[in-house]
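*Asks:* Dropping in target-v6.csv, which is CSV, C-alpha atoms:
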```csv
chain,number,residue,atom,x,y,z
A,1144,MET,CA,10.0,-11.4,11.4
A,1145,ALA,CA,12.0,-13.8,9.2
A,1146,THR,CA,10.1,-16.9,10.2
A,1147,ALA,CA,6.6,-15.6,10.1
A,1148,LYS,CA,4.2,-17.5,7.9
A,1149,ARG,CA,2.9,-15.3,5.0
A,1150,GLU,CA,-0.9,-15.2,4.4
A,1151,LEU,CA,-2.1,-13.3,1.4
A,1152,THR,CA,-5.8,-12.8,1.9
A,1153,PHE,CA,-6.6,-10.0,-0.5
A,1154,LEU,CA,-8.8,-10.5,-3.5
A,1155,LEU,CA,-6.1,-10.6,-6.2
A,1156,ALA,CA,-3.5,-12.5,-4.2
A,1157,LYS,CA,-3.5,-15.7,-6.2
A,1158,PRO,CA,-3.4,-14.3,-9.7
A,1159,GLU,CA,-0.9,-11.7,-8.7
A,1160,LYS,CA,1.4,-14.3,-7.2
A,1161,LYS,CA,1.3,-16.4,-10.4
A,1162,LEU,CA,2.1,-13.3,-12.5
A,1163,LEU,CA,4.9,-12.2,-10.2
A,1164,TRP,CA,6.5,-15.6,-10.3
A,1165,TRP,CA,6.2,-15.8,-14.1
A,1166,ILE,CA,7.9,-12.4,-14.4
A,1167,ALA,CA,10.6,-13.1,-11.8
A,1168,ALA,CA,11.6,-16.3,-13.5
A,1169,ARG,CA,12.3,-14.4,-16.8
A,1170,LEU,CA,14.2,-11.4,-15.4
A,1171,PRO,CA,17.9,-11.1,-16.4
A,1172,ARG,CA,20.3,-12.4,-13.8
A,1173,ALA,CA,21.9,-8.9,-13.7
A,1174,ILE,CA,18.7,-7.6,-12.0
A,1175,ASN,CA,18.5,-8.3,-8.3
A,1176,SER,CA,16.0,-7.6,-5.5
A,1177,ASN,CA,17.7,-4.4,-4.5
A,1178,HIS,CA,17.3,-3.0,-8.0
A,1179,LEU,CA,13.5,-3.7,-7.8
A,1180,THR,CA,13.2,-2.2,-4.3
A,1181,ALA,CA,14.8,1.0,-5.7
A,1182,LEU,CA,12.4,0.9,-8.7
A,1183,GLY,CA,9.5,0.8,-6.3
A,1184,VAL,CA,10.8,4.0,-4.7
A,1185,VAL,CA,11.1,5.7,-8.1
A,1186,GLY,CA,7.6,4.7,-8.8
A,1187,SER,CA,6.2,6.2,-5.6
A,1188,ILE,CA,8.1,9.5,-6.2
A,1189,GLY,CA,6.9,9.6,-9.8
A,1190,ALA,CA,3.3,9.0,-8.8
A,1191,ALA,CA,3.6,11.7,-6.1
A,1192,ILE,CA,4.8,14.2,-8.8
A,1193,GLY,CA,2.0,13.2,-11.2
A,1194,TYR,CA,-0.6,13.9,-8.6
A,1195,ALA,CA,1.0,17.1,-7.3
A,1196,VAL,CA,1.0,18.7,-10.8
A,1197,SER,CA,-2.4,17.3,-11.9
A,1198,GLY,CA,-4.0,20.6,-10.8
A,1199,PHE,CA,-2.4,22.3,-13.8
A,1200,ASP,CA,-3.3,19.6,-16.3
A,1201,LEU,CA,-5.3,16.4,-15.6
A,1202,ASN,CA,-3.2,14.6,-18.2
A,1203,TRP,CA,-0.5,14.4,-15.5
A,1204,LEU,CA,-2.7,11.7,-14.0
A,1205,TRP,CA,-1.5,9.4,-16.7
A,1206,LEU,CA,2.0,9.7,-15.3
A,1207,ALA,CA,0.6,9.0,-11.8
A,1208,SER,CA,-1.0,5.9,-13.0
A,1209,ALA,CA,2.1,4.6,-14.9
A,1210,MET,CA,4.2,5.3,-11.8
A,1211,LEU,CA,1.8,3.4,-9.6
A,1212,VAL,CA,2.3,0.4,-11.9
A,1213,VAL,CA,6.1,0.9,-11.6
A,1214,ASN,CA,5.7,1.1,-7.8
A,1215,TRP,CA,3.7,-2.2,-7.8
A,1216,PHE,CA,6.3,-3.9,-10.0
A,1217,GLY,CA,9.2,-3.0,-7.8
A,1218,ASP,CA,7.5,-3.2,-4.4
A,1219,SER,CA,5.9,-6.6,-5.1
A,1220,LEU,CA,8.6,-8.3,-7.2
A,1221,ASP,CA,11.7,-7.8,-5.1
A,1222,GLY,CA,10.7,-10.4,-2.5
A,1223,THR,CA,9.3,-12.7,-5.2
A,1224,LEU,CA,12.6,-12.6,-7.1
A,1225,ALA,CA,14.6,-13.6,-4.0
A,1226,ARG,CA,12.2,-16.6,-3.4
A,1227,VAL,CA,12.3,-17.7,-7.0
A,1228,ARG,CA,16.1,-17.7,-7.0
A,1229,LYS,CA,16.2,-19.2,-3.5
A,1230,ALA,CA,18.3,-16.3,-2.4
A,1231,GLU,CA,16.0,-15.1,0.4
A,1232,ARG,CA,17.2,-12.1,2.3
A,1233,PRO,CA,15.1,-12.5,5.5
A,1234,ARG,CA,16.1,-9.9,8.0
A,1235,TYR,CA,17.7,-7.5,5.5
A,1236,GLY,CA,14.8,-7.7,3.1
A,1237,TYR,CA,12.1,-7.5,5.8
A,1238,TYR,CA,13.6,-4.3,7.3
A,1239,LEU,CA,14.3,-2.7,3.9
A,1240,ASP,CA,10.9,-3.6,2.4
A,1241,HIS,CA,9.0,-2.1,5.3
A,1242,ILE,CA,11.0,1.1,5.4
A,1243,VAL,CA,10.5,1.5,1.7
A,1244,ASP,CA,6.8,0.8,2.0
A,1245,ALA,CA,6.4,3.5,4.6
A,1246,PHE,CA,8.3,6.0,2.5
A,1247,SER,CA,6.2,5.1,-0.6
A,1248,THR,CA,2.9,5.4,1.2
A,1249,ALA,CA,3.9,8.8,2.6
A,1250,ALA,CA,5.2,10.1,-0.8
A,1251,ILE,CA,2.0,9.1,-2.7
A,1252,GLY,CA,-0.1,10.5,0.1
A,1253,ILE,CA,1.7,13.8,0.0
A,1254,GLY,CA,1.2,13.9,-3.8
A,1255,ILE,CA,-2.5,13.3,-3.5
A,1256,GLY,CA,-2.7,15.9,-0.7
A,1257,LEU,CA,-1.1,18.5,-3.1
A,1258,SER,CA,-3.6,17.5,-5.9
A,1259,PRO,CA,-7.0,19.2,-6.4
A,1260,PHE,CA,-8.7,15.9,-5.3
A,1261,MET,CA,-8.1,16.0,-1.6
A,1262,SER,CA,-7.1,18.5,1.1
A,1263,PHE,CA,-3.6,18.0,2.5
A,1264,PRO,CA,-4.5,17.4,6.1
A,1265,VAL,CA,-7.1,14.8,5.1
A,1266,ALA,CA,-4.6,13.0,2.9
A,1267,MET,CA,-2.0,13.0,5.8
A,1268,LEU,CA,-4.6,11.5,8.1
A,1269,LEU,CA,-5.2,8.7,5.6
A,1270,VAL,CA,-1.4,8.1,5.5
A,1271,VAL,CA,-1.1,8.0,9.2
A,1272,LEU,CA,-3.9,5.5,9.6
A,1273,TYR,CA,-2.7,3.4,6.7
A,1274,LEU,CA,0.8,3.2,8.3
A,1275,THR,CA,-0.7,2.4,11.7
A,1276,LEU,CA,-2.6,-0.5,10.1
A,1277,SER,CA,0.7,-1.6,8.5
A,1278,ILE,CA,2.6,-1.4,11.7
A,1279,ASN,CA,-0.1,-3.5,13.4
A,1280,VAL,CA,0.4,-6.2,10.7
A,1281,TYR,CA,4.1,-6.3,11.4
A,1282,LEU,CA,3.5,-6.5,15.2
A,1283,GLU,CA,1.1,-9.3,14.7
A,1284,SER,CA,3.7,-11.2,12.7
A,1285,GLN,CA,6.1,-10.8,15.6
A,1286,VAL,CA,3.5,-11.9,18.2
A,1287,PHE,CA,1.6,-14.6,16.4
A,1288,GLY,CA,4.1,-15.7,13.8
A,1289,VAL,CA,1.7,-15.0,10.9
A,1290,PHE,CA,2.3,-12.2,8.4
A,1291,LYS,CA,-1.0,-11.1,6.9
A,1292,LEU,CA,-0.4,-8.6,4.2
A,1293,ALA,CA,-3.9,-7.3,4.0
A,1294,TYR,CA,-7.1,-6.8,6.0
A,1295,GLY,CA,-9.7,-9.1,4.5
A,1296,ILE,CA,-9.9,-8.9,0.7
A,1297,PHE,CA,-8.6,-5.4,0.3
A,1298,GLY,CA,-4.8,-5.0,0.0
A,1299,PRO,CA,-2.1,-2.8,-1.6
A,1300,THR,CA,-2.8,-4.1,-5.1
A,1301,GLU,CA,-6.5,-3.3,-4.9
A,1302,ALA,CA,-5.7,0.2,-3.6
A,1303,ARG,CA,-3.4,0.9,-6.6
A,1304,ILE,CA,-6.1,-0.4,-9.0
A,1305,MET,CA,-8.7,1.8,-7.4
A,1306,LEU,CA,-6.4,4.9,-7.8
A,1307,ILE,CA,-5.6,4.1,-11.4
A,1308,ALA,CA,-9.3,3.6,-12.2
A,1309,LEU,CA,-10.2,7.0,-10.6
A,1310,ASN,CA,-7.3,8.6,-12.6
A,1311,ALA,CA,-8.6,7.3,-15.8
A,1312,LEU,CA,-12.2,8.5,-15.0
A,1313,PHE,CA,-11.0,12.0,-14.4
A,1314,VAL,CA,-9.0,12.2,-17.6
A,1315,LEU,CA,-11.3,10.4,-19.9
A,1316,ALA,CA,-14.8,11.5,-18.8
A,1317,PRO,CA,-15.6,14.9,-20.2
A,1318,GLN,CA,-18.2,15.4,-17.4
A,1319,ALA,CA,-15.5,14.9,-14.8
A,1320,GLN,CA,-13.3,17.6,-16.3
A,1321,GLN,CA,-16.2,20.1,-16.2
A,1322,VAL,CA,-16.9,19.6,-12.5
A,1323,PRO,CA,-15.6,22.6,-10.4
A,1324,VAL,CA,-12.5,21.9,-8.5
A,1325,TRP,CA,-14.2,22.6,-5.1
A,1326,ILE,CA,-16.8,19.9,-5.8
A,1327,ILE,CA,-14.1,17.4,-6.7
A,1328,ASN,CA,-12.2,18.3,-3.5
A,1329,LEU,CA,-15.4,18.0,-1.4
A,1330,LEU,CA,-16.1,14.6,-2.9
A,1331,GLY,CA,-12.5,13.4,-2.4
A,1332,ASN,CA,-12.5,14.6,1.2
A,1333,THR,CA,-15.8,12.9,1.9
A,1334,VAL,CA,-14.6,9.6,0.5
A,1335,ALA,CA,-11.4,10.0,2.5
A,1336,VAL,CA,-13.2,10.6,5.7
A,1337,LEU,CA,-15.3,7.5,5.1
A,1338,LEU,CA,-12.1,5.5,4.6
A,1339,VAL,CA,-10.6,7.0,7.7
A,1340,ILE,CA,-13.7,5.8,9.7
A,1341,ALA,CA,-13.5,2.4,8.2
A,1342,MET,CA,-9.8,2.0,8.8
A,1343,LEU,CA,-10.1,3.2,12.4
A,1344,THR,CA,-13.0,0.8,13.0
A,1345,THR,CA,-11.0,-2.0,11.6
A,1346,LEU,CA,-8.0,-1.2,13.7
A,1347,VAL,CA,-10.0,-1.0,16.9
A,1348,ILE,CA,-11.7,-4.3,16.2
A,1349,ARG,CA,-8.4,-6.0,15.3
A,1350,PHE,CA,-6.8,-4.6,18.4
A,1351,GLY,CA,-9.5,-5.9,20.6
A,1352,LYS,CA,-9.4,-9.4,19.0
A,1353,ASN,CA,-5.6,-9.5,19.4
A,1354,LEU,CA,-5.8,-8.6,23.1
A,1355,HIS,CA,-8.5,-11.3,23.6
A,1356,ARG,CA,-6.4,-13.9,21.8
A,1357,LEU,CA,-3.3,-12.9,23.8
A,1358,ALA,CA,-5.2,-13.2,27.0
A,1359,LYS,CA,-6.0,-16.8,26.1
A,1360,MET,CA,-2.5,-17.6,25.0
A,1361,GLU,CA,-0.8,-16.0,28.0
A,1362,PRO,CA,-3.3,-15.7,30.9
A,1363,ARG,CA,-2.1,-13.2,33.4
A,1364,LYS,CA,-1.2,-14.7,36.8
A,1365,GLN,CA,-3.3,-13.7,39.7
A,1366,LEU,CA,-1.4,-11.6,42.2
A,1367,ALA,CA,-1.2,-13.2,45.7
```
The structure in this file should be written as structure tokens.
*Replies:*
Amino acid sequence: MATAKRELTFLLAKPEKKLLWWIAARLPRAINSNHLTALGVVGSIGAAIGYAVSGFDLNWLWLASAMLVVNWFGDSLDGTLARVRKAERPRYGYYLDHIVDAFSTAAIGIGIGLSPFMSFPVAMLLVVLYLTLSINVYLESQVFGVFKLAYGIFGPTEARIMLIALNALFVLAPQAQQVPVWIINLLGNTVAVLLVIAMLTTLVIRFGKNLHRLAKMEPRKQLA
């Protein structure tokens, strides 16, 4: 929704916004928002490849981490650049950004599902729930006129940082490299299942609150 008010509630929202505006103001004029959107796609594909081949050599996780940063740079900076240059692309940008976000989430999820850290079906379940929560955010922006990018203090930036930290742990910690693959997979699946439960609970609670709020805003007329 082009006129929806943006609310960035996640933990790193303010420092990230300042950093993005600082970078956007210094980018060459030849670079536009479409270039950055494409860069975000490249980052998600690169991260997926890094995860998918990490079973052969954990050092590929460095590629996954670097590409997660590239994905953040392109995904987060395209809209900021348009706002800094006062060249907002409301409907076009809104549509393109969300399509690209869905693709990037699916690509990274597939890569993680092909890695030794998580079973593919569990990874896909995470992707489905993540996208469901994202769709709910966009629906709320249409209904209530407020676009909340995150649920509470945990948003896309925090998710990327968590993944990068885990990548570094597996590569740098000798103890982690000596753990059998099946144990790593079991731990990964356990964490994923806990995340699924948390995300599903969040969705149900948010859904209930939205229905209650809508009932107050638009009370249903009693049938005669």
*Asks:* If we count all atoms listed in the file, what is near Arg1349 (chain A) at a cut-off of 9 Å, once residues fewer than 5 positions away on the same chain are taken out, given as JSON, numbers by chain?
*Replies:* {"A": [1279, 1344, 1354]}
*Asks:* Identify, on the basis of all atoms listed in the file, every residue whose closest approach to region 1165-1171 of chain A does not exceed 9 Å; exclude the query and any residue fewer than 4 positions from it along the same chain; express the result as number ranges by chain.
*Replies:* A: 1160-1161, 1175, 1220-1221, 1223-1225, 1227-1228
*Asks:* Rank A:Asn1202, A:Ser1187, A:Thr1275, A:Ser1258 by their smallest atom-to-atom distance to Phe1350 (chain A), using all atoms listed in the file, and report the top residue only.
*Replies:*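 Using all atoms listed in the file, the shortest distance to Phe1350 (chain A) belongs to A:Thr1275.
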*Asks:* With all atoms listed in the file as the basis for distance, which of A:Ala1207, A:Thr1180, A:Arg1226, A:Leu1201 is at the shortest distance from Tyr1238 (chain A)?
*Replies:*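 For Tyr1238 (chain A), the nearest of the given residues is A:Thr1180.
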*Asks:* What is the CA of Gly1252 (chain A)-CA of Ala1266 (chain A) distance in Å, reported with one decimal?
*Replies:*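 Those two atoms sit 5.9 Å apart.
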*Asks:* From the set A:Ala1308, A:Leu1272, A:Val1185, A:Val1322, which residue has the shortest atom-to-atom contact distance to Ala1341 (chain A), counting only C-alpha atoms?
*Replies:* A:Leu1272
*Asks:* Please provide the set of residues having any atom within 8 Å of Met1342 (chain A), restricted to only C-alpha atoms, with same-chain residues fewer than 3 positions apart removed, written as an mmCIF file with C-alpha atoms, in the frame of the given file.
*Replies:*
```cif
data_model
loop_
_atom_site.group_PDB
_atom_site.id
_atom_site.type_symbol
_atom_site.label_atom_id
_atom_site.label_comp_id
_atom_site.auth_asym_id
_atom_site.auth_seq_id
_atom_site.Cartn_x
_atom_site.Cartn_y
_atom_site.Cartn_z
ATOM 1 C CA LEU A 1272 -3.900 5.500 9.600
ATOM 2 C CA TYR A 1273 -2.700 3.400 6.700
ATOM 3 C CA LEU A 1276 -2.600 -0.500 10.100
ATOM 4 C CA LEU A 1338 -12.100 5.500 4.600
ATOM 5 C CA VAL A 1339 -10.600 7.000 7.700
ATOM 6 C CA THR A 1345 -11.000 -2.000 11.600
ATOM 7 C CA LEU A 1346 -8.000 -1.200 13.700
#
```
*Asks:* Given the choices A:Gly1198, A:Leu1204, A:Leu1268, A:Arg1232, which gets closest to Leu1315 (chain A) if the distance is worked out from all atoms listed in the file?
*Replies:*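 Nearest to Leu1315 (chain A): A:Leu1204.
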*Asks:* Calculate how many Å separate CA of Gly1183 (chain A) from CA of Asp1218 (chain A), rounding to one decimal.
*Replies:* 4.9 Å
*Asks:* Have a look at A:Ser1176, A:Leu1155, A:Asn1332, A:Leu1337 and name the one nearest to Pro1264 (chain A); count all atoms listed in the file.
*Replies:* A:Asn1332
*Asks:* If you count all atoms listed in the file, which residues fall within 12 Å of Val1334 (chain A), apart from same-chain ones fewer than 5 positions away, as a list in words?
*Replies:*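 Once the nearby chain positions are removed, what remains is Phe1260, Met1261, Ser1262, Val1265, Ala1266, Leu1269, Ile1327, Asn1328, Leu1329, Val1339, Ile1340 and Ala1341 of chain A.
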*Asks:* Work out how far apart CA of Leu1211 (chain A) and CA of Ala1230 (chain A) are and give it in Å to one decimal.
*Replies:* 26.7 Å
*Asks:* What's the 9 Å shell around Trp1205 (chain A), counting all atoms listed in the file, without same-chain residues fewer than 6 positions away, as number ranges by chain?
*Replies:* A: 1193, 1307, 1310-1311, 1314
*Asks:* Write the selection just made, keeping C-alpha atoms, as an mmCIF file, in the frame of the given file?
*Replies:*
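Saved the output as again.cif:
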```cif
data_model
loop_
_atom_site.group_PDB
_atom_site.id
_atom_site.type_symbol
_atom_site.label_atom_id
_atom_site.label_comp_id
_atom_site.auth_asym_id
_atom_site.auth_seq_id
_atom_site.Cartn_x
_atom_site.Cartn_y
_atom_site.Cartn_z
ATOM 1 C CA GLY A 1193 2.000 13.200 -11.200
ATOM 2 C CA ILE A 1307 -5.600 4.100 -11.400
ATOM 3 C CA ASN A 1310 -7.300 8.600 -12.600
ATOM 4 C CA ALA A 1311 -8.600 7.300 -15.800
ATOM 5 C CA VAL A 1314 -9.000 12.200 -17.600
#
```
*Asks:* Measuring atom to atom with all atoms listed in the file, identify which of A:Val1212, A:Val1243, A:Ala1335, A:Leu1206 is nearest to Val1184 (chain A).
*Replies:* A:Val1243
*Asks:* Could you give me region 1274-1290 of chain A completed to N, CA and C atoms, formatted as a tab-separated table (two decimals), in the coordinates of the input?
*Replies:*
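Full text of part_16.tsv as output:
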```
chain	number	residue	atom	x	y	z
A	1274	LEU	N	-0.46	3.68	7.68
A	1274	LEU	CA	0.80	3.20	8.30
A	1274	LEU	C	0.57	2.56	9.62
A	1275	THR	N	-0.41	3.06	10.38
A	1275	THR	CA	-0.70	2.40	11.70
A	1275	THR	C	-1.23	1.01	11.46
A	1276	LEU	N	-2.10	0.82	10.47
A	1276	LEU	CA	-2.60	-0.50	10.10
A	1276	LEU	C	-1.41	-1.42	9.70
A	1277	SER	N	-0.49	-0.84	8.92
A	1277	SER	CA	0.70	-1.60	8.50
A	1277	SER	C	1.54	-2.03	9.62
A	1278	ILE	N	1.79	-1.09	10.55
A	1278	ILE	CA	2.60	-1.40	11.70
A	1278	ILE	C	1.92	-2.52	12.53
A	1279	ASN	N	0.59	-2.47	12.63
A	1279	ASN	CA	-0.10	-3.50	13.40
A	1279	ASN	C	0.08	-4.89	12.71
A	1280	VAL	N	0.11	-4.91	11.37
A	1280	VAL	CA	0.40	-6.20	10.70
A	1280	VAL	C	1.73	-6.73	11.05
A	1281	TYR	N	2.73	-5.87	11.08
A	1281	TYR	CA	4.10	-6.30	11.40
A	1281	TYR	C	4.19	-6.77	12.86
A	1282	LEU	N	3.51	-6.07	13.75
A	1282	LEU	CA	3.50	-6.50	15.20
A	1282	LEU	C	2.82	-7.82	15.33
A	1283	GLU	N	1.73	-8.03	14.59
A	1283	GLU	CA	1.10	-9.30	14.70
A	1283	GLU	C	1.97	-10.44	14.19
A	1284	SER	N	2.78	-10.15	13.16
A	1284	SER	CA	3.70	-11.20	12.70
A	1284	SER	C	4.73	-11.54	13.72
A	1285	GLN	N	5.13	-10.56	14.53
A	1285	GLN	CA	6.10	-10.80	15.60
A	1285	GLN	C	5.44	-11.63	16.73
A	1286	VAL	N	4.21	-11.28	17.07
A	1286	VAL	CA	3.50	-11.90	18.20
A	1286	VAL	C	2.96	-13.27	17.90
A	1287	PHE	N	2.29	-13.36	16.72
A	1287	PHE	CA	1.60	-14.60	16.40
A	1287	PHE	C	2.28	-15.46	15.36
A	1288	GLY	N	3.35	-14.92	14.75
A	1288	GLY	CA	4.10	-15.70	13.80
A	1288	GLY	C	3.42	-15.85	12.44
A	1289	VAL	N	2.44	-14.99	12.15
A	1289	VAL	CA	1.70	-15.00	10.90
A	1289	VAL	C	1.74	-13.61	10.28
A	1290	PHE	N	2.24	-13.48	9.07
A	1290	PHE	CA	2.30	-12.20	8.40
A	1290	PHE	C	1.14	-12.08	7.42
```
